[in-house]
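The block underneath contains the structure these notes are about, expressed in structure tokens.
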Amino acid sequence: MTAPWTRLHDGWQRFWFAPRSTAPVEVLRIAFGAVATAWMLSLAPIMVPFFGRDGAVPPPDLPALGWTLMTLIQGTPLVWVLWLVGVLGAGALTVGYRSRLAALLVFVVMVSVNRQAPLAFNAGDGLLRVISFCVLLMPVGSAASLDRWRSDPEGLWAFPRRAPWALRLAQIQLSVIYLATVWEKADGVLWRDGSAVSFALRIGDLTRLPAPTFVTDSLVLSELATYGTLAAEAAIGVLVWNRAARPWVLALGVLLHLSIEVTLAVGFFSLGMITLYLAFLPPHRAEQVLRAARDRAGLFRDRRRQRGQKAAGPPETGVADVGGTDVDAEPVPTPRPVREIGVEAGGER
């Protein structure tokens with residue numbers, strides 16, 4: 001091969017398959033497991049009304065090769081079994097117990113619930129489903145997990161090196177989400193005339209924290225917010241691949257999604273996007289984060305132990321504190337006067 005093709009081939013192999021630390025995978029696994037647990041718990045109030053035997057959601061028209069376990073369960077009470085499987089799977093994924101099986105269970109439950117009632121969920125639910133598929137393909141549980149502790153306790157905090165191709169899929173997914181969003185928004189009238197953000201902030205059903213009227217009614221502020229959102233999303237989608245710009249655009253993205261979370265009720269979308277940001281965490285930084293969490297947990301455990309020892313009082317010394325004597329201790333002989341000792345030794349002097 002010529003030199004350009006050789007460099008392209010080497011770069012391709014390095015990008016997808018060059019071994020690197022699995023620390024970012026484990027950070028993403030823990031964060032996504034916690035988010036998935038919260039998502040599963042949030043389903044509890046709607047399981048019977050939506051998916052029970054007499055639920056409001058009719059059987060969906062699935063596409064070719066489409067599937068959902070809801071067609072096998074057919075309502076209450078087995079719907080609670082599926083929900084419990086999802087909760088236990090998400091919790092197991094968080095702590096890294098049977099990590100691959102747990103990731104599979106989370107993916108299956110998310111797909112089943114989303115496909116059974118697509119109109120009841122939004123883009124955030126679909127995003128979590130996509131992340132669950134990426135996590136399923138990753139070498140989760142290789143470190144900082146119960147799986148590693150059970151197989152190699154000494155290597156619990158040693159991060160093996162694996163091919164990062166599944167993590168790369170998550171990174172590409174993040175970039176595609178932003179670029180596709182900008183492309184779709186650019187075709188919308190409200191985004192082109194600069195009123196989209198003001199319009200969204202005035203939708204009563206979506207508003208979580210009402211925005212001040214001077215923001216929603218101001219043409220200048222509305223256009224700045226609308227075009228600024230488009231610019232920020234385009235910058236994240238492109239510049240996230242630049243090492244120097246990556247921290248800045250991801251920080252901008254965090255601020256963007258936190259502002260959305262505060263003002264609009266969009267489910268788990270913002271939390272899911274911020275979780276997906278962890279796919280870009282450098283390996284050395286991810287290792288520092290996990291080891292810092294370990295050290296912080298160790299300090300917390302030591303402080304609790306010290307407080308427990310103080311609450312229990314000083315250790316027992318074998319001498320009871322009742323009446324000044326201990327009924328179980330050996331009696332201490334009373335010192336005899338010197339005069340008596342002298343008499344026994346040879347008479348009085």
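Naming scheme: A, B, ... for chains in displayed order of the structure tokens; residues 1 onward per chain; ligands 1 onward as shown.
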Within stretch 128-320 of chain A, find each residue whose DSSP state, derived from the backbone, is alpha helix (DSSP H), and express the selection as a short mmCIF file (atom, residue, chain, number, x, y, z; two decimals) with C-alpha atoms, in the first residue's frame.
```cif
data_model
loop_
_atom_site.label_atom_id
_atom_site.label_comp_id
_atom_site.auth_asym_id
_atom_site.auth_seq_id
_atom_site.Cartn_x
_atom_site.Cartn_y
_atom_site.Cartn_z
CA LEU A 128 -31.30 5.56 27.12
CA ARG A 129 -32.23 2.58 24.97
CA VAL A 130 -29.39 3.39 22.57
CA ILE A 131 -26.90 3.84 25.42
CA SER A 132 -27.97 0.52 26.90
CA PHE A 133 -27.13 -1.20 23.61
CA CYS A 134 -23.68 0.43 23.52
CA VAL A 135 -23.02 -0.57 27.13
CA LEU A 136 -24.07 -4.13 26.29
CA LEU A 137 -21.24 -4.31 23.75
CA LEU A 146 -18.26 -7.03 42.03
CA ASP A 147 -17.38 -9.24 39.07
CA ARG A 148 -13.70 -8.29 39.32
CA TRP A 149 -13.76 -8.52 43.11
CA ARG A 150 -15.16 -12.06 42.95
CA SER A 151 -12.60 -13.24 40.39
CA TRP A 165 -14.55 -0.14 19.46
CA ALA A 166 -17.78 -0.25 21.49
CA LEU A 167 -16.84 2.95 23.32
CA ARG A 168 -16.14 4.55 19.92
CA LEU A 169 -19.68 3.67 18.86
CA ALA A 170 -21.02 5.60 21.85
CA GLN A 171 -18.79 8.57 20.98
CA ILE A 172 -19.94 8.59 17.37
CA GLN A 173 -23.54 8.33 18.53
CA LEU A 174 -23.11 11.49 20.59
CA SER A 175 -21.74 13.41 17.63
CA VAL A 176 -24.46 12.11 15.29
CA ILE A 177 -27.21 13.13 17.74
CA TYR A 178 -26.06 16.75 17.77
CA LEU A 179 -25.42 17.03 14.04
CA ALA A 180 -28.74 15.38 13.16
CA THR A 181 -30.51 17.66 15.62
CA VAL A 182 -29.03 20.78 14.04
CA TRP A 183 -29.89 19.51 10.56
CA GLU A 184 -33.50 18.85 11.52
CA LYS A 185 -33.92 22.11 13.43
CA VAL A 189 -39.60 27.77 10.74
CA LEU A 190 -39.34 28.66 14.44
CA TRP A 191 -35.62 27.89 14.49
CA ARG A 192 -34.96 29.90 11.38
CA ASP A 193 -36.82 32.99 12.60
CA ALA A 196 -38.05 28.49 18.94
CA VAL A 197 -36.67 28.85 22.47
CA SER A 198 -39.21 31.51 23.40
CA PHE A 199 -42.00 29.32 22.05
CA ALA A 200 -40.80 26.26 24.01
CA LEU A 201 -40.53 28.22 27.25
CA THR A 213 -41.42 37.38 30.66
CA PHE A 214 -38.65 39.80 29.77
CA VAL A 215 -36.77 36.79 28.36
CA THR A 216 -39.62 35.17 26.44
CA LEU A 219 -36.86 39.53 20.42
CA VAL A 220 -33.13 39.97 20.99
CA LEU A 221 -32.87 37.50 23.86
CA SER A 222 -35.06 34.97 22.08
CA GLU A 223 -32.92 35.06 18.96
CA LEU A 224 -29.71 34.86 20.99
CA ALA A 225 -31.02 31.79 22.81
CA THR A 226 -32.28 30.11 19.65
CA TYR A 227 -29.28 30.69 17.44
CA GLY A 228 -26.94 30.14 20.37
CA THR A 229 -28.47 26.70 20.94
CA LEU A 230 -27.94 25.78 17.31
CA ALA A 231 -24.34 27.03 17.42
CA ALA A 232 -23.61 25.15 20.65
CA GLU A 233 -25.02 21.88 19.32
CA ALA A 234 -23.10 22.18 16.06
CA ALA A 235 -19.89 22.98 17.97
CA ILE A 236 -20.30 19.96 20.24
CA GLY A 237 -20.99 17.62 17.33
CA VAL A 238 -17.83 18.68 15.50
CA LEU A 239 -15.31 19.98 18.04
CA ARG A 246 -13.26 18.94 23.82
CA PRO A 247 -13.34 20.05 27.48
CA TRP A 248 -14.77 23.42 26.52
CA VAL A 249 -17.53 22.19 24.23
CA LEU A 250 -18.53 19.44 26.68
CA ALA A 251 -18.69 22.00 29.49
CA LEU A 252 -20.85 24.14 27.21
CA GLY A 253 -23.05 21.11 26.60
CA VAL A 254 -23.44 20.47 30.33
CA LEU A 255 -24.58 24.05 30.85
CA LEU A 256 -26.96 23.75 27.91
CA HIS A 257 -28.60 20.58 29.20
CA LEU A 258 -28.76 21.80 32.78
CA SER A 259 -30.60 24.91 31.59
CA ILE A 260 -33.01 22.67 29.66
CA GLU A 261 -33.50 20.46 32.71
CA VAL A 262 -34.29 23.44 34.93
CA THR A 263 -36.76 25.10 32.59
CA PHE A 269 -33.00 13.41 27.88
CA SER A 270 -30.62 15.88 29.51
CA LEU A 271 -29.41 13.34 32.06
CA GLY A 272 -28.86 10.79 29.30
CA MET A 273 -26.82 13.21 27.19
CA ILE A 274 -24.59 14.18 30.10
CA THR A 275 -24.10 10.50 30.88
CA LEU A 276 -23.07 9.88 27.27
CA TYR A 277 -20.44 12.62 27.64
CA PRO A 283 -8.52 6.96 30.45
CA HIS A 284 -6.12 8.50 32.96
CA ARG A 285 -8.78 10.92 34.16
CA ALA A 286 -11.32 8.10 34.49
CA GLU A 287 -8.87 6.11 36.58
CA GLN A 288 -8.33 9.13 38.82
CA VAL A 289 -12.09 9.54 39.26
CA LEU A 290 -12.63 5.91 40.24
CA ARG A 291 -9.66 5.79 42.62
CA ALA A 292 -10.71 9.09 44.20
CA ALA A 293 -14.19 7.62 44.76
CA ARG A 294 -12.57 4.56 46.33
CA ASP A 295 -10.43 6.70 48.66
CA ARG A 296 -13.39 8.86 49.60
CA ALA A 297 -15.45 5.76 50.41
CA GLY A 298 -12.56 4.44 52.51
CA LEU A 299 -12.34 7.67 54.50
CA PHE A 300 -16.10 7.63 55.07
CA ARG A 301 -15.92 4.03 56.28
CA ASP A 302 -13.04 4.79 58.64
CA ARG A 303 -14.85 7.79 60.11
CA ARG A 304 -17.96 5.72 60.73
CA ARG A 305 -15.86 3.06 62.44
CA GLN A 306 -14.19 5.66 64.65
CA ARG A 307 -17.57 7.18 65.59
CA GLY A 308 -18.85 3.72 66.43
CA GLN A 309 -15.87 3.04 68.68
CA LYS A 310 -16.32 6.35 70.47
CA ALA A 311 -20.02 5.67 70.99
CA ALA A 312 -19.24 2.23 72.43
#
```
Would you mind reading off the distance between atom CA of A:Thr22 and atom CA of A:Ala163, one decimal, in Å?
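So the two atoms, atom CA of A:Thr22 and atom CA of A:Ala163, lie 8.8 Å apart.
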Residue contacts of A:Gly124 (6 Å, only C-alpha atoms) excluding same-chain residues fewer than 2 positions away, as an MDAnalysis selection string:
chainID A and resid 122 126:127 268:269
Write the residues you've just listed into a file as an mmCIF file, in the first residue's frame, and include C-alpha atoms for each of them.
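As a result, part-v6.cif now contains:
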```
data_model
loop_
_atom_site.group_PDB
_atom_site.id
_atom_site.type_symbol
_atom_site.label_atom_id
_atom_site.label_comp_id
_atom_site.auth_asym_id
_atom_site.auth_seq_id
_atom_site.Cartn_x
_atom_site.Cartn_y
_atom_site.Cartn_z
ATOM 1 C CA ASN A 122 -39.880 10.871 24.315
ATOM 2 C CA GLY A 126 -35.007 6.389 23.197
ATOM 3 C CA LEU A 127 -31.571 7.781 24.038
ATOM 4 C CA PHE A 268 -34.364 11.748 31.019
ATOM 5 C CA PHE A 269 -33.002 13.408 27.879
#
```
Close residues, A:Phe51 itself excluded, 9 Å, only C-alpha atoms, min 3 positions apart in chain, as a PyMOL selection string:
chain A and resi 46-48+54-58+70+74-76+79+113+116-117
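Taking atom CA of A:Met40 and atom CA of A:Gly86 as the two end points, the separation is 6.4 Å.
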Gap from atom CA of A:Ala90 to atom CA of A:Val108 - Å, one decimal:
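One can read the atom CA of A:Ala90 to atom CA of A:Val108 distance as 11.4 Å.
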With only C-alpha atoms as the counted atoms, please give the residues lying no more than 6 Å from A:Ser112, apart from itself and same-chain residues fewer than 3 positions off, as a PDB file with C-alpha atoms, in the first residue's frame.
```pdb
ATOM      1  CA  THR A  68     -41.338  -6.617  22.661  1.00  0.00           C
ATOM      2  CA  LEU A  69     -41.715  -8.933  25.649  1.00  0.00           C
ATOM      3  CA  VAL A 109     -36.712  -4.204  29.291  1.00  0.00           C
ATOM      4  CA  ARG A 115     -41.955  -0.252  21.756  1.00  0.00           C
TER       5      ARG A 115
END
```
Please return as a PyMOL selection string: the residues of stretch 91-288 of chain A that backbone DSSP assigns to strand (DSSP E or B).
chain A and resi 161-162+207+264
Could you please take those selected residues and save C-alpha atoms as an mmCIF file, in the first residue's frame?
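In the end it all went to result_25.cif:
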```cif
data_model
loop_
_atom_site.group_PDB
_atom_site.id
_atom_site.type_symbol
_atom_site.label_atom_id
_atom_site.label_comp_id
_atom_site.auth_asym_id
_atom_site.auth_seq_id
_atom_site.Cartn_x
_atom_site.Cartn_y
_atom_site.Cartn_z
ATOM 1 C CA ARG A 161 -6.515 -2.738 28.304
ATOM 2 C CA ARG A 162 -9.123 -3.649 25.719
ATOM 3 C CA THR A 207 -42.559 24.211 31.576
ATOM 4 C CA LEU A 264 -38.393 22.223 30.678
#
```
